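Presented below is the structure to which this report refers.
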Amino acid sequence: MPGPIGRQTVTVLDAPLVPGDYGTQVRDWEHATPTVIGGCTVDYTTNTRTRQAGDQTTTRAQLYLPPRAFTITTAMRVLWDDRTWEIDGVPAHAEGAGPLSGQVVNLLEVKGA
């Protein structure tokens, strides 16, 4: 069951591309542009702990954006619940579900070795 439906706020981070090693382009997360989006619904979906060579915890959440909200891409990060989340997979496009639907984004946090 999701948290407060439609009453949560997330911050989306969009980092510029800068030159990296060997002619590559990398994201500069220290100079990311924040965009605050209200009216969201976010909830944890799974949490897994692995104990092998090191302790690792993988947490997943799902973000439901309001209709016509800012569009999130795979190159962004999301701040929610005092955590920084990576985008897990390709975010769904809201157009497929109709004009009153918002984008659905799977979030991923990996901590540990």
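Please note that chains go A, B, ... in the order of the structure tokens, that every chain numbers its residues from 1, and that ligands are numbered from 1 in the order shown.
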Task: chain A: residues DSSP assigns to strand (DSSP E or B), reported as an MDAnalysis selection string - done: chainID A and resid 8:14 17:19 25:27 33:51 55:64 76:80 83:87 92 104:112
Give me the residues near A:Cys40 as a PyMOL selection string, where near means some atom within 7 Å (using only C-alpha atoms) and where sequence neighbours in that chain fewer than 2 positions away do not count.
chain A and resi 6-9+38+42+64-66
Grab the residues selected above and save them as a short mmCIF file (atom, residue, chain, number, x, y, z; two decimals), in the first residue's frame with C-alpha atoms.
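Here's the written file part36.cif:
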data_model
loop_
_atom_site.label_atom_id
_atom_site.label_comp_id
_atom_site.auth_asym_id
_atom_site.auth_seq_id
_atom_site.Cartn_x
_atom_site.Cartn_y
_atom_site.Cartn_z
CA GLY A 6 -0.54 12.24 -4.23
CA ARG A 7 0.87 14.18 -1.26
CA GLN A 8 4.59 13.49 -1.46
CA THR A 9 7.33 15.68 -2.91
CA GLY A 38 4.87 17.85 -5.67
CA VAL A 42 6.17 7.03 -3.76
CA TYR A 64 4.07 7.83 -9.56
CA LEU A 65 4.18 11.37 -10.93
CA PRO A 66 1.10 13.55 -11.33
#
Using only C-alpha atoms, the best pick from A:Gly20, A:Pro67, A:Gly39, A:Gly54 as closest to A:His93 would be A:Pro67
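Proximity to A:Ile87 was assessed for A:Thr59, A:Ser101, A:Thr74, A:Thr24 counting only C-alpha atoms; the smallest distance is recorded for A:Thr74.
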(message) So that I can see what lies close to A:Ala61, please list as a list in words the residues with an atom at most 9 Å from it, counting only C-alpha atoms and leaving out residues fewer than 2 positions away in the same chain.
(response)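 Selected residues are Val42, Asp43, Tyr44, Thr45, Thr46, Asn47, Thr59, Leu63, Trp85, Val105, Asn106, Leu107, Leu108 and Glu109 of chain A.
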Would you put the residues from that selection into a file with all heavy atoms, as a CSV table (one decimal), in the first residue's frame?
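In the end it all went to selection.csv:
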chain,number,residue,atom,x,y,z
A,42,VAL,N,5.0,7.9,-3.7
A,42,VAL,CA,6.2,7.0,-3.8
A,42,VAL,C,6.0,6.0,-2.6
A,42,VAL,O,5.6,6.3,-1.6
A,42,VAL,CB,7.5,7.8,-3.5
A,42,VAL,CG1,8.7,7.0,-3.9
A,42,VAL,CG2,7.5,9.2,-4.3
A,43,ASP,N,6.5,4.8,-2.9
A,43,ASP,CA,6.4,3.8,-1.9
A,43,ASP,C,7.5,2.7,-2.2
A,43,ASP,O,7.9,2.5,-3.3
A,43,ASP,CB,5.1,3.1,-1.9
A,43,ASP,CG,4.8,2.4,-0.6
A,43,ASP,OD1,5.5,2.7,0.4
A,43,ASP,OD2,3.9,1.5,-0.5
A,44,TYR,N,8.0,2.2,-1.1
A,44,TYR,CA,9.0,1.1,-1.2
A,44,TYR,C,8.3,-0.2,-1.8
A,44,TYR,O,7.2,-0.5,-1.5
A,44,TYR,CB,9.6,0.7,0.2
A,44,TYR,CG,10.4,1.9,0.8
A,44,TYR,CD1,9.9,2.7,1.7
A,44,TYR,CD2,11.7,2.0,0.4
A,44,TYR,CE1,10.7,3.8,2.2
A,44,TYR,CE2,12.5,3.0,0.9
A,44,TYR,CZ,12.0,3.9,1.8
A,44,TYR,OH,12.7,4.9,2.3
A,45,THR,N,9.1,-0.9,-2.6
A,45,THR,CA,8.5,-2.1,-3.2
A,45,THR,C,9.3,-3.4,-2.7
A,45,THR,O,8.6,-4.3,-2.3
A,45,THR,CB,8.5,-2.1,-4.7
A,45,THR,OG1,9.9,-1.8,-5.2
A,45,THR,CG2,7.6,-1.0,-5.2
A,46,THR,N,10.6,-3.3,-2.7
A,46,THR,CA,11.4,-4.5,-2.2
A,46,THR,C,12.6,-4.0,-1.5
A,46,THR,O,13.1,-2.9,-1.7
A,46,THR,CB,11.8,-5.4,-3.3
A,46,THR,OG1,12.7,-4.7,-4.2
A,46,THR,CG2,10.6,-6.0,-4.0
A,47,ASN,N,13.2,-4.9,-0.7
A,47,ASN,CA,14.4,-4.7,0.0
A,47,ASN,C,15.1,-6.0,0.1
A,47,ASN,O,14.6,-6.9,0.7
A,47,ASN,CB,14.2,-4.0,1.4
A,47,ASN,CG,15.4,-3.5,2.0
A,47,ASN,OD1,16.5,-3.8,1.6
A,47,ASN,ND2,15.2,-2.8,3.1
A,59,THR,N,17.5,-1.7,-2.4
A,59,THR,CA,16.2,-1.2,-2.1
A,59,THR,C,15.6,-0.7,-3.3
A,59,THR,O,16.2,0.1,-4.1
A,59,THR,CB,16.2,-0.1,-0.9
A,59,THR,OG1,17.0,-0.7,0.2
A,59,THR,CG2,14.8,0.2,-0.5
A,63,LEU,N,7.8,5.4,-8.1
A,63,LEU,CA,7.4,6.8,-8.1
A,63,LEU,C,6.3,7.0,-9.1
A,63,LEU,O,6.5,6.6,-10.3
A,63,LEU,CB,8.6,7.7,-8.4
A,63,LEU,CG,8.3,9.1,-8.8
A,63,LEU,CD1,7.7,9.9,-7.6
A,63,LEU,CD2,9.7,9.8,-9.2
A,85,TRP,N,18.2,8.2,-5.2
A,85,TRP,CA,17.8,7.0,-5.9
A,85,TRP,C,18.3,7.1,-7.4
A,85,TRP,O,18.2,8.2,-8.0
A,85,TRP,CB,16.3,6.9,-5.9
A,85,TRP,CG,15.7,6.8,-4.5
A,85,TRP,CD1,15.5,7.8,-3.6
A,85,TRP,CD2,15.4,5.6,-3.9
A,85,TRP,NE1,14.9,7.2,-2.5
A,85,TRP,CE2,14.9,5.9,-2.6
A,85,TRP,CE3,15.4,4.2,-4.2
A,85,TRP,CZ2,14.4,4.9,-1.7
A,85,TRP,CZ3,15.0,3.3,-3.3
A,85,TRP,CH2,14.5,3.6,-2.1
A,105,VAL,N,8.0,5.6,-12.5
A,105,VAL,CA,9.4,5.5,-12.5
A,105,VAL,C,9.8,4.5,-11.4
A,105,VAL,O,9.4,4.7,-10.2
A,105,VAL,CB,10.1,6.8,-12.3
A,105,VAL,CG1,11.6,6.7,-12.3
A,105,VAL,CG2,9.6,7.9,-13.3
A,106,ASN,N,10.6,3.5,-11.8
A,106,ASN,CA,11.2,2.6,-10.8
A,106,ASN,C,12.5,3.2,-10.3
A,106,ASN,O,13.3,3.6,-11.0
A,106,ASN,CB,11.4,1.2,-11.4
A,106,ASN,CG,10.1,0.5,-11.7
A,106,ASN,OD1,9.2,0.5,-11.0
A,106,ASN,ND2,10.1,-0.1,-12.9
A,107,LEU,N,12.6,3.1,-8.9
A,107,LEU,CA,13.8,3.7,-8.3
A,107,LEU,C,14.7,2.6,-7.6
A,107,LEU,O,14.1,1.6,-7.2
A,107,LEU,CB,13.4,4.7,-7.2
A,107,LEU,CG,12.5,5.8,-7.7
A,107,LEU,CD1,12.1,6.7,-6.5
A,107,LEU,CD2,13.2,6.7,-8.7
A,108,LEU,N,16.0,2.8,-7.6
A,108,LEU,CA,16.9,1.8,-7.1
A,108,LEU,C,18.0,2.5,-6.2
A,108,LEU,O,18.5,3.5,-6.6
A,108,LEU,CB,17.6,1.0,-8.2
A,108,LEU,CG,18.7,0.1,-7.9
A,108,LEU,CD1,18.1,-1.2,-7.1
A,108,LEU,CD2,19.4,-0.4,-9.1
A,109,GLU,N,18.2,1.8,-5.1
A,109,GLU,CA,19.3,2.3,-4.2
A,109,GLU,C,20.1,1.0,-3.8
A,109,GLU,O,19.6,0.1,-3.3
A,109,GLU,CB,18.8,3.0,-2.9
A,109,GLU,CG,19.9,3.4,-2.0
A,109,GLU,CD,19.4,3.8,-0.6
A,109,GLU,OE1,18.8,2.9,0.0
A,109,GLU,OE2,19.7,4.9,-0.2
Exercise for review: Please give the complete set of residues from chain A that DSSP, run on the backbone, assigns to helix (DSSP H, G or I), formatted as a ChimeraX atom specification.
Suggested key: /A:21-23,29-31,94-97
